[in-house]
Structure formats: C-alpha cells, structure tokens
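Structure record follows, encoded as structure tokens.
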Amino acid sequence: MSEKTLPSHARVVIVGGGVMGVGLAYHLGHEGWGDETVLLEKAELTSGSTWHAAGQITHSTSSFGLGKCVDYNIGLYSGGLEAETGQAVTWHGCGSFRLAYTEDEMDWLRHTLSVGRSLGFNIELVGPDRVAELHPFYNLDGVLGALHTPDDGHVDPTNVTMAMAAGARAKGVRIVRRCRATNITQDTNGEWVVETEQGTIRCEHVVNAGGTYARQMGEWSGLQLPMTSMTHHYFVTDEVPEFKDLDRELPVIRDDRKVSGYIRMEQKKGLIGIYEKANPNAVWLDHCPWDAENELFDADYDRVMPWLEESLNRMPIFADLGITRDVHGAISHPPDGNPLIGPAPGVRNYWCCCGTQIGIGWGPGLTRELARWMVHGAANISMREYDPRRFGSYANKEWQVVKAKEDYCLRHEIPFPHFNRLAGRPIKPSPLYDTLKEKGAVFEEVYGFERPRWFARNGVAQEDHYSFRRTVVDEMVAAEVKAVREAVGVMDVTAFTKVLVEGPDAYQLLDRLTANRMPQKVGSITLTHMLNRAGRVELETTIVRMAEDKFYLVCAAFFEQRLLDHLAAHRQDEQVTVSALSDRWGALALNGPASREVLAATTNAPLDNAAFRWLSAQQITIAGHSVWAFRMSYAGELGWELHMPFAAVKDVYDALWAAGEPHGIADYGSFAMNVMRMEKGFKGAGELTNEVTLAEADVLRFVRNDKEFLGRDKTLDRDLPWVCAYLSIEPDGIRDGHGGEAVTKDGVVVGSTASVAYGHTVGQILAFAYLKPHAAEPGTALQVVIHGQPRQAKVLGEPAYDPQSLLPRTDAVTEPAE
C-alpha cells in the first residue's frame with residue numbers, strides 16, 4: 001500500500017506531524033509497534049510550531065527526569081540520529097552558558113550543578129573570566145558567574161524531524177501527509193474512529209500531537225486539554241563583522257535576568273530570542289485556523305523593546321546592525337509550563353503528546369517515554385509533572401489563558417523551590433479557606449484546591465519568601481512542627497482525593513488491584529499500592545472499609561483522575577459504583593500528644609485503644625455532625641483524620657479549636673507535614689513513582705505474597721538496579737537541599753536524592769535517595785552534593801523520630817482509683 005493511501009485500520013494513529021508526533025512515531029517504531037502505527041499530518045511535516053523553533057537545547061535543568069530526556073536528546077542530535085538514518089540534522093555543538101547576576105541566581109546554578117552531577121553531565125560553574133575567554137563579545141558587567149554546559153548546542157528543527165520521520169518509516173511507520181483529521185470519536189467497542197479528508201481510519205490507540213490545534217482536537221472527543229497558544233519572538237541580525245573570521249562557533253548565552261532569553265550565532269549572523277516579562281500575547285483563544293501553515297505574525301517591537309534594547313547593550317557588536325529576519329510564531333503553553341504527555345482524563349487509549357513549549361529541547365526524550373508507556377505500561381522517568389490528568393474540570397478556557405500568560409512571563413525567572421503560581425486563584429477554596437487566610441495561611445494549589453503551606457505569625461509577611469537557602473518560613477514551620485510534636489496541631493487536608501467504591505463486587509475489584517491485604521473488618525484501614533502492568537507504582541492509597549460492600553479510598557490530590565481511570569481501566573464485569581467525593585467532602589488532620597484530650601472534649605465516643613484501636617475507623621458525632629474518624633497519623637503522632645461533608649467542616653474545626661486552646665493547639669500546613677513525614681521515614685509521592693517497583697521503593701512490607709494482584713510478578717523481581725534509602729545529612733544551617741542532588745560514595749556517583757527536608761525535631765537534614773544497592777545498606781557513609789558542595793551523610797536503618805512507632809499507639813491514661 002502506498003504511503004499516501006490511508007489504511008482502514010491501525011493499532012496507533014498519531015494526529016500531528018511536528019517534532020512531537022514524529023518523535024513518538026520514531027520511538028514507537030523502536031519499541032516494536034512501527035508496522036502498526038500511522039501518522040497523519042494536515043499539511044507538511046513541521047509546518048506548525050516546529051519549523052519556526054530556534055532549536056536550542058541545554059543540560060542546564062534542575063529537573064531530574066527532564067535532565068534524562070535532555071541528555072538523550074543531545075546524544076540523538078549530536079550523532080545517533082544521523083548515523084542511524086543517514087539524514088543530516090545540522091547539529092551545532094557549541095556549548096552554552098547560563099549567566100547569574102545575583103546570589104539567588106548563583107544558588108539556582110549551584111543546585112542545577114548538583115542535579116547535573118547526579119546525571120553524569122559535563123557541567124561546571126565558572127566565573128566571568130571563563131565566559132569572556134570563550135565568548136569575548138558579551139558584556140559581562142554585573143555577572144557573578146555562569147553555568148557552563150559544553151555539550152549543549154542547537155539543531156535545525158526541520159532536519160531533526162525529517163530524520164526521525166526517516167527512522168520511523170524504516171521501522172514500518174506509515175506517514176500520510178496532506179490528510180487533515182476532522183473528527184475523533186470512540187466507538188462502543190472501544191475503538192477510536194479518526195475521520196479525515198481522505199476517509200476514516202479505526203484504531204486501538206489514538207494520539208493527539210496537534211500542537212496549536214491540540215485543544216480544539218480534544219474537544220472533538222469531549223476532552224478539555226488545557227493549553228493556550230502564546231507568541232514568541234526571535235530576531236536575526238545582519239552579518240556580524242566580528243564573526244567572519246571566527247574558527248569556532250560561540251557558545252549560546254542564556255541571560256535570564258537582562259535579556260529574558262538567549263543570544264547565539266546563526267551562521268555569521270546574530271540571533272536574539274526574547275520571552276518578554278510583561279504584556280504576553282495569546283492568540284487563537286478559541287480556534288486555531290485549519291488553513292494555517294508555516295504561520296507567522298508581524299513583529300511587535302513595542303512589546304519586546306525593553307529586552308531587545310538590553311540585548312544590544314549585552315552584545316554591543318549587534319548595536320549598529322539591522323534586523324534581517326524576525327520570527328514571531330505561536331507555541332502552546334500549558335497552565336504550569338509542563339507538556340501534556342500521557343493518557344487523556346476519563347477515556348481509554350487516548351494519548352496526549354502536546355502542549356510542549358520547548359519541542360526541540362524536550363520532545364524526543366518525552367516521546368520516547370510516552371512510547372514506553374503505551375507499549376509496556378510505564379515510562380522510565382516519573383511522569384507526574386507531565387501527566388495530562390494533573391488538571392481537573394476547573395481548568396476551563398478562561399483560566400487556561402490566565403495561566404498561560406503567567407507561565408510565559410515566568411519562562412526566564414528563577415525556578416525557586418516551592419514556587420507558587422498565584423494567577424487565577426483561588427480555584428477551589430475549601431470551607432476553611434477564609435478562616436485560615438485570616439489566621440495567616442499561605443496557600444498552595446493542588447489539583448485546584450487551596451491547601452495551607454504554612455502560617456505567618458509574629459509579624460512575618462503572609463506571602464511566599466523565596467530562596468534556595470533557609471528563610472523566615474523555616475522558623476514558622478519549626479514552630480508548627482514543635483506544636484504538633486509537643487501539644488496538638490490541626491491541618492486542613494480537604495485537598496486529599498476521596499473516592500467511594502461500593503457494590504457487591506467492590507472487594508473483588510480492589511483486591512485484584514492492590515498489593516497489600518484488603519481491610520477485612522468493617523472499620524479497618526489498610527495502606528496499600530496500586531501498580532500498572534509493568535509492576536511500577538501507579539499510586540499509593542489508604543483504604544477504609546466503611547461497610548461490607550463499601551470502601552473509601554484516600555490518596556494525594558493530584559492522583560484523583562489517575563485513580564478513577566485505573567479503576568475504570570481494570571474493571572471487568574464487577575458490579576461496583578465509583579464516586580468521587582473530593583468536591584463534596586472535606587477533611588481535617590488532628591495530631592499530637594494532646595489530640596485525644598482535644599477530640600474527647602468534642603465527642604462522646606470512647607477514644608482509648610480498646611474502644612478505638614490504631615488503624616481503625618468509626619463514625620462519631622462532633623458539633624452535631626456525623627464524622628468519619630480514622631485513627632491514623634502521617635505526622636507519626638497520636639492522631640486522627642476526620643472526614644465529613646463540606647457543610648460540617650467549619651463547625652468541626654471550630655469545636656476542635658475551642659477544645660484545643662487550653663492545650664496550645666496550632667494550625668499547621670503542608671510544609672510541616674512534609675517535615676514530620678520525613679522525620680518518620682514515610683515515603684511519599686516523590687519516592688513512589690511510575691519509575692519504580694515496590695521492591696525498588698523498599699516498601700515490600702506492604703505486599704502480601706499470598707495473593708495475586710496486577711503487576712505482582714514484575715514488582716517482586718529482586719534484581720534491583722537501585723533502591724530507595726533513607727539518609728541523614730550533615731546540616732550547615734543555611735542550605736538544606738531540594739531533591740535531585742548527586743549522592744556519592746568514595747567520590748563516585750551512586751544515585752540521587754528524591755525528597756529532602758530539614759528535620760527540626762531531630763536536628764538533621766533527612767532525605768530519601770535512590771541509590772545503587774551496594775550503597776543503600778544502613779550505616780553506609782556517603783556524601784550528598786548540596787549547592788555544589790559535598791556533605792557527609794549516612795544511610796539510616798530506622799526512622800529518625802520515634803523509631804519504634806510507639807507514639808501513634810499511645811493509650812488513654814487511666815485515672816487511679818480514689
């Protein structure tokens with residue numbers, strides 16, 4: 001059959017022929033699905049956003065997973081792809097510098113250096129003299145230092161895409177050009193029906209790689225895929241006289257502060273790219289025109305002029321030159337800046353490969369991971385930041401535009417730890433939002449919910465305080481931890497995902513999907529994990545048996561759609577009803593040695609160990625409301641979680657607060673909660689990802705070997721490439737680390753950190769790290785590279801706080817007889 005002919009069936013149909021769609025086709029070919037994959041492109045390959053990309057790529061990233069993708073991409077561009085296909089890609093391996101003008105920027109570079117070391121990158125932190133040596137034309141006034149990544153470069157976007165297309169065809173992929181899709185629907189048998197100008201093709205898997213069309217394509221299938229097209233400029237100057245006799249290409253300069261963009265050579269000309277930090281421009285808010293092809297917009301010099309002028313100050317040799325070419329094209333921006341890579345929410349076998357603002361820099365690595373996900377059931381890097389299901393129904397078009405504009409303006413800002421994107425909020429305030437805001441809460445957004453991070457007290461400004469070092473926020477968090485550890489604290493945990501699974505076959509369904517023993521008695525609680533078919537962790541959940549045929553599941557907020565989809569995908573003929581309660585039910589956590597006394601003052605229910613055992617649940621009455629009380633504690637203290645309808649939350653909170661005042665009750669937030677879980681050695685979402693099996697995560701104590709469950713055989717494979725270890729790290733009182741840092745043993749990198757926090761109770765920096773097994777034995781001496789400097793560390797064999805876990809099981813004090 002001719003490549004121009006549309007077949008009637010395929011296993012996979014990819015719609016969109018830019019770097020993302022073609023990259024996926026290429027990698028599906030390498031994963032064995034090439035002969036069963038068809039790619040449709042409405043015009044010519046690369047004629048959307050890909051063709052006008054500037055084509056830079058850098059190792060300068062502080063994202064561990066993205067770093068793996070970037071390193072793969074550079075290897076592909078710099079030789080692997082051309083050697084495989086014979087198609088030139090025009091790689092310019094000129095290296096790059098990222099400049100720093102402030103100590104905050106230097107700290108960012110130091111942290112990026114640590115992440116790069118963990119990934120084995122060729123990366124170094126240098127002074128201005130080294131920059132001047134390799135790039136003598138840049139004005140370095142005010143520059144403190146730079147991150148030098150010599151293996152970076154830039155590439156021709158069209159050539160790369162065409163080379164991957166050649167590689168895909170060689171693996172059997174059929175690419176049909178000039179074939180616009182007009183509709184995508186799912187048949188009752190589960191097949192996807194892709195209608196096109198050349199006819200209809202049916203498939204098992206459909207992929208939306210539509211670029212600036214992706215959102216409107218999603219609407220064909222009833223999907224809300226949040227992204228907005230934003231326009232970006234770059235400019236090419238006249239030929240630069242000083243470049244004519246150069247025998248090498250100058251490194252790319254990334255100047256986030258002054259230029260808000262990048263400057264490099266383009267042959268013997270100059271190229272200046274700008275992401276202006278004011279008045280960003282969104283286009284095609286409702287509909288990208290189907291006849292758009294190689295589309296560009298007129299340059300808007302007024303909008304970019306402050307940064308363009310500064311670029312000429314920084315490159316004085318450009319100042320008297322003319323602009324020979326301006327490129328002003330549209331690029332998709334999701335609300336948080338991360339692409340949408342993975343399953344679309346609420347449907348089976350519809351995959352997103354879109355919303356990518358840096359397609360050349362990120363595309364091949366991310367499409368390789370998507371191909372692995374589709375073929376094998378899991379990607380090899382954590383996909384949490386890219387999973388399209390991280391957004392809920394709140395992400396409507398109006399909100400998408402607000403967030404895309406915010407993201408564009410943040411493109412060249414410092415990515416501080418815990419950076420809080422404030423535009424378009426609050427989205428889903430809990431019933432306590434106003435109350436806690438008045439009490440000093442600084443909130444974060446998780447799956448649309450506003451959750452308190454920490455509480456401003458004693459005159460501290462009620463706002464985010466950003467730094468890679470400790471700030472006054474650490475003092476506030478320390479006070480919250482102290483209150484919980486010594487007295488009692490209450491936290492609004494309404495953001496948790498809350499799902500009810502009920503029906504005569506509810507137990508059967510959940511038992512097939514969970515690794516631990518299901519709760520056997522009504523009122524029992526189990527912590528367990530659900531796995532995918534590759535044996536990797538899909539999510540961690542707490543299951544409460546509310547009745548013989550009714551189970552209440554609680555997990556992290558951003559896993560709600562993932563949980564619902566997992567249950568739907570693996571449901572057979574079971575009679576069950578699945579209901580999401582998160583938008584109707586709230587929750588409070590009450591923790592601390594005085595929590596029993598506080599709770600007892602609000603209810604008539606007996607709370608001693610005999611009447612209310614550890615890891616059990618009961619319905620109790622507080623302030624006239626029926627509340628489900630779970631005796632459990634993520635803080636590692638005596639404590640309860642209280643779950644209830646929204647209407648009860650404020651009354652229950654007020655009752656607890658009044659009862660707690662004599663005991664010194666305090667509000668606490670997610671930052672303190674994270675510190676306390678680290679002190680207790682509880683693994684969280686940062687450790688339990690789709691990258692790892694339960695054996696690798698070292699949580700086999702939650703696995704029952706005497707039952708069958710999805711992914712069992714693969715998760716119990718003991719040939720472990722890495723294992724999650726719990727570390728104590730020497731503190732310096734200033735910098736604590738943020739995750740992704742290199743861990744070394746005898747000077748050799750043996751892994752990297754996943755989560756890091758200072759344990760205020762124990763006076764140590766605590767971390768989880770994925771290490772080579774020989775380095776993960778308790779007592780092993782290690783070093784962790786924090787902000788570029790090695791710190792002494794040791795593998796712990798037990799929790800740093802309450803290692804025997806006696807405190808959560810504390811019984812009520814029995815009063816002596818008269």
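FYI, nothing fancy with the structure tokens labels: chains A, B, ... in order, residues from 1 per chain, ligands from 1 as they appear.
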
If you take only C-alpha atoms and a cut-off of 7 Å, which residues of range 195-265 of chain A touch range 347-351 of chain A, and what are their nearest atom pairs and distances in Å to one decimal, in chain and number order, as CSV?
residue,atom,partner,partner_atom,distance
A:Glu204,CA,A:Asn349,CA,6.8
A:His205,CA,A:Asn349,CA,4.8
A:Val206,CA,A:Tyr350,CA,5.1
A:Val207,CA,A:Trp351,CA,4.6
A:Asn208,CA,A:Trp351,CA,6.2

| request: From range 258-412 of chain A, collect each residue whose DSSP state is alpha helix (DSSP H) and return the set as a ChimeraX atom specification. | output: /A:301-314,359-376,397-410

May I have the residues from that selection written out with C-alpha atoms, as a CSV table (one decimal), in the first residue's frame?
chain,number,residue,atom,x,y,z
A,301,TYR,CA,8.6,45.6,18.6
A,302,ASP,CA,6.9,47.8,21.2
A,303,ARG,CA,6.1,44.7,23.3
A,304,VAL,CA,9.7,43.4,23.3
A,305,MET,CA,11.7,46.6,23.0
A,306,PRO,CA,13.0,46.9,26.6
A,307,TRP,CA,14.6,43.4,26.4
A,308,LEU,CA,15.7,43.9,22.8
A,309,GLU,CA,17.5,47.1,23.7
A,310,GLU,CA,19.2,45.4,26.6
A,311,SER,CA,20.3,42.5,24.3
A,312,LEU,CA,22.1,45.1,22.3
A,313,ASN,CA,23.7,46.5,25.4
A,314,ARG,CA,24.9,43.0,26.3
A,359,GLY,CA,9.6,20.8,21.5
A,360,ILE,CA,13.2,20.6,20.2
A,361,GLY,CA,14.7,20.7,23.7
A,362,TRP,CA,12.3,18.2,25.3
A,363,GLY,CA,10.5,16.4,22.5
A,364,PRO,CA,12.4,13.2,21.6
A,365,GLY,CA,13.1,12.2,25.2
A,366,LEU,CA,9.5,12.8,26.3
A,367,THR,CA,8.1,10.9,23.3
A,368,ARG,CA,10.5,8.0,24.0
A,369,GLU,CA,8.9,7.8,27.5
A,370,LEU,CA,5.4,8.1,26.0
A,371,ALA,CA,6.2,5.2,23.6
A,372,ARG,CA,7.4,3.1,26.5
A,373,TRP,CA,4.2,4.0,28.5
A,374,MET,CA,2.0,3.0,25.6
A,375,VAL,CA,3.8,-0.3,24.7
A,376,HIS,CA,5.0,-1.5,28.1
A,397,LYS,CA,-10.6,28.1,28.7
A,398,GLU,CA,-10.7,31.4,30.6
A,399,TRP,CA,-8.4,30.0,33.3
A,400,GLN,CA,-6.1,28.4,30.8
A,401,VAL,CA,-5.4,31.8,29.2
A,402,VAL,CA,-4.7,33.5,32.6
A,403,LYS,CA,-2.2,30.7,33.5
A,404,ALA,CA,-0.5,30.5,30.1
A,405,LYS,CA,0.2,34.2,30.2
A,406,GLU,CA,1.6,33.7,33.7
A,407,ASP,CA,3.7,30.8,32.5
A,408,TYR,CA,5.1,32.8,29.6
A,409,CYS,CA,6.2,35.6,31.9
A,410,LEU,CA,7.9,33.1,34.2

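Excluding Asp746 in chain A itself and any same-chain residue fewer than 3 positions from it, the protein and nucleic acid residues within 12 Å of it, counting only C-alpha atoms, are Val743, Val749, Val750, Ala775, Thr780, Ala781, Leu782, Gln783, Val784, Pro790, Gln792 and Ala793 of chain A.
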
Could you dump the residues just selected with N, CA and C atoms as a PDB file, in the first residue's frame?
ATOM      1  N   VAL A 743      24.385  11.899  44.939  1.00  0.00           N
ATOM      2  CA  VAL A 743      24.887  11.181  46.108  1.00  0.00           C
ATOM      3  C   VAL A 743      26.112  10.395  45.669  1.00  0.00           C
ATOM      4  N   VAL A 749      29.572   8.785  41.871  1.00  0.00           N
ATOM      5  CA  VAL A 749      28.131   8.991  41.976  1.00  0.00           C
ATOM      6  C   VAL A 749      27.425   7.641  42.049  1.00  0.00           C
ATOM      7  N   VAL A 750      26.580   7.471  43.079  1.00  0.00           N
ATOM      8  CA  VAL A 750      25.852   6.213  43.266  1.00  0.00           C
ATOM      9  C   VAL A 750      24.338   6.418  43.249  1.00  0.00           C
ATOM     10  N   ALA A 775      25.252   0.739  47.926  1.00  0.00           N
ATOM     11  CA  ALA A 775      25.411   1.975  48.694  1.00  0.00           C
ATOM     12  C   ALA A 775      24.244   2.239  49.622  1.00  0.00           C
ATOM     13  N   THR A 780      26.008   2.928  55.876  1.00  0.00           N
ATOM     14  CA  THR A 780      26.956   3.303  54.827  1.00  0.00           C
ATOM     15  C   THR A 780      27.219   4.802  54.853  1.00  0.00           C
ATOM     16  N   ALA A 781      28.484   5.174  54.812  1.00  0.00           N
ATOM     17  CA  ALA A 781      28.865   6.591  54.759  1.00  0.00           C
ATOM     18  C   ALA A 781      28.833   7.073  53.317  1.00  0.00           C
ATOM     19  N   LEU A 782      28.193   8.212  53.086  1.00  0.00           N
ATOM     20  CA  LEU A 782      28.038   8.774  51.758  1.00  0.00           C
ATOM     21  C   LEU A 782      28.300  10.270  51.801  1.00  0.00           C
ATOM     22  N   GLN A 783      28.259  10.877  50.640  1.00  0.00           N
ATOM     23  CA  GLN A 783      28.275  12.336  50.538  1.00  0.00           C
ATOM     24  C   GLN A 783      27.119  12.748  49.622  1.00  0.00           C
ATOM     25  N   VAL A 784      26.486  13.862  49.974  1.00  0.00           N
ATOM     26  CA  VAL A 784      25.432  14.436  49.145  1.00  0.00           C
ATOM     27  C   VAL A 784      25.898  15.813  48.708  1.00  0.00           C
ATOM     28  N   PRO A 790      30.042  18.946  48.724  1.00  0.00           N
ATOM     29  CA  PRO A 790      29.715  17.651  49.326  1.00  0.00           C
ATOM     30  C   PRO A 790      29.461  17.775  50.828  1.00  0.00           C
ATOM     31  N   GLN A 792      28.637  15.325  54.376  1.00  0.00           N
ATOM     32  CA  GLN A 792      28.679  13.963  54.902  1.00  0.00           C
ATOM     33  C   GLN A 792      27.256  13.459  55.158  1.00  0.00           C
ATOM     34  N   ALA A 793      27.022  12.195  54.836  1.00  0.00           N
ATOM     35  CA  ALA A 793      25.701  11.601  55.006  1.00  0.00           C
ATOM     36  C   ALA A 793      25.853  10.146  55.428  1.00  0.00           C
TER      37      ALA A 793
END

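Residues in contact with range 624-641 of chain A at up to 6 Å, not including ones fewer than 6 positions away on its chain and judged by only C-alpha atoms, are Leu588, Ala589, Leu590, Asn591, Gly592, Pro593, Ser595, Trp614, Leu615, Ser616, Ala617, Gln618, Met676, Arg677, Leu807 and Pro808 of chain A.
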
Once you have the residues from the selection above, write them out as an mmCIF file, in the first residue's frame, restricted to C-alpha atoms.
data_model
loop_
_atom_site.group_PDB
_atom_site.id
_atom_site.type_symbol
_atom_site.label_atom_id
_atom_site.label_comp_id
_atom_site.auth_asym_id
_atom_site.auth_seq_id
_atom_site.Cartn_x
_atom_site.Cartn_y
_atom_site.Cartn_z
ATOM 1 C CA LEU A 588 -9.044 17.621 58.963
ATOM 2 C CA ALA A 589 -5.950 16.048 60.498
ATOM 3 C CA LEU A 590 -5.588 16.280 64.287
ATOM 4 C CA ASN A 591 -2.177 15.228 65.590
ATOM 5 C CA GLY A 592 -0.104 15.419 68.729
ATOM 6 C CA PRO A 593 0.139 14.006 72.260
ATOM 7 C CA SER A 595 -5.050 15.110 70.362
ATOM 8 C CA TRP A 614 -4.861 2.159 65.870
ATOM 9 C CA LEU A 615 -5.632 1.953 62.123
ATOM 10 C CA SER A 616 -9.376 1.741 62.578
ATOM 11 C CA ALA A 617 -12.297 3.939 61.589
ATOM 12 C CA GLN A 618 -15.573 4.882 63.244
ATOM 13 C CA MET A 676 7.225 15.272 60.045
ATOM 14 C CA ARG A 677 6.767 12.517 57.462
ATOM 15 C CA LEU A 807 3.597 7.354 69.895
ATOM 16 C CA PRO A 808 0.695 6.785 67.449
#

| request: Tell me which protein, DNA and RNA residues are within 8 Å of range 763-769 of chain A, counting only C-alpha atoms, leaving out same-chain ones fewer than 6 positions away, and put them as a PyMOL selection string. | output: chain A and resi 678-679+683+687+724-731+736+743+751-757

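Minimum distance to Pro415 in chain A across A:Val652, A:Val131, A:Leu109, A:Ala214 (counting only C-alpha atoms) occurs at A:Leu109.
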
At a cut-off of 9 Å, can you tabulate as JSON lines every residue of range 47-114 of chain A near range 447-470 of chain A together with its closest atom pair and the distance in Å to one decimal, using only C-alpha atoms and ordering rows by chain then number?
{"residue": "A:Asp104", "atom": "CA", "partner": "A:Ser467", "partner_atom": "CA", "distance": 6.6}
{"residue": "A:Asp107", "atom": "CA", "partner": "A:Phe468", "partner_atom": "CA", "distance": 6.1}
{"residue": "A:Trp108", "atom": "CA", "partner": "A:Phe468", "partner_atom": "CA", "distance": 7.0}
{"residue": "A:His111", "atom": "CA", "partner": "A:Phe468", "partner_atom": "CA", "distance": 8.2}

Could you write out that same residue set with N, CA and C atoms as a PDB file, in the first residue's frame?
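Final output, again_1.pdb:
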ATOM      1  N   ASP A 104      20.879  34.807  44.420  1.00  0.00           N
ATOM      2  CA  ASP A 104      19.785  33.852  44.197  1.00  0.00           C
ATOM      3  C   ASP A 104      20.005  33.079  42.905  1.00  0.00           C
ATOM      4  N   ASP A 107      22.715  30.564  43.447  1.00  0.00           N
ATOM      5  CA  ASP A 107      22.212  29.394  44.168  1.00  0.00           C
ATOM      6  C   ASP A 107      21.445  28.461  43.228  1.00  0.00           C
ATOM      7  N   TRP A 108      20.676  29.055  42.317  1.00  0.00           N
ATOM      8  CA  TRP A 108      19.980  28.238  41.317  1.00  0.00           C
ATOM      9  C   TRP A 108      20.991  27.435  40.506  1.00  0.00           C
ATOM     10  N   HIS A 111      22.488  24.598  42.545  1.00  0.00           N
ATOM     11  CA  HIS A 111      21.578  23.453  42.652  1.00  0.00           C
ATOM     12  C   HIS A 111      21.517  22.684  41.336  1.00  0.00           C
TER      13      HIS A 111
END

| task | Write out as a list in words which residues come within 6 Å of Thr497 in chain A when counting only C-alpha atoms, dropping same-chain ones fewer than 4 positions away. | result | Val554, Cys555, Ala556, Ala557, Glu560 and Ser582 of chain A
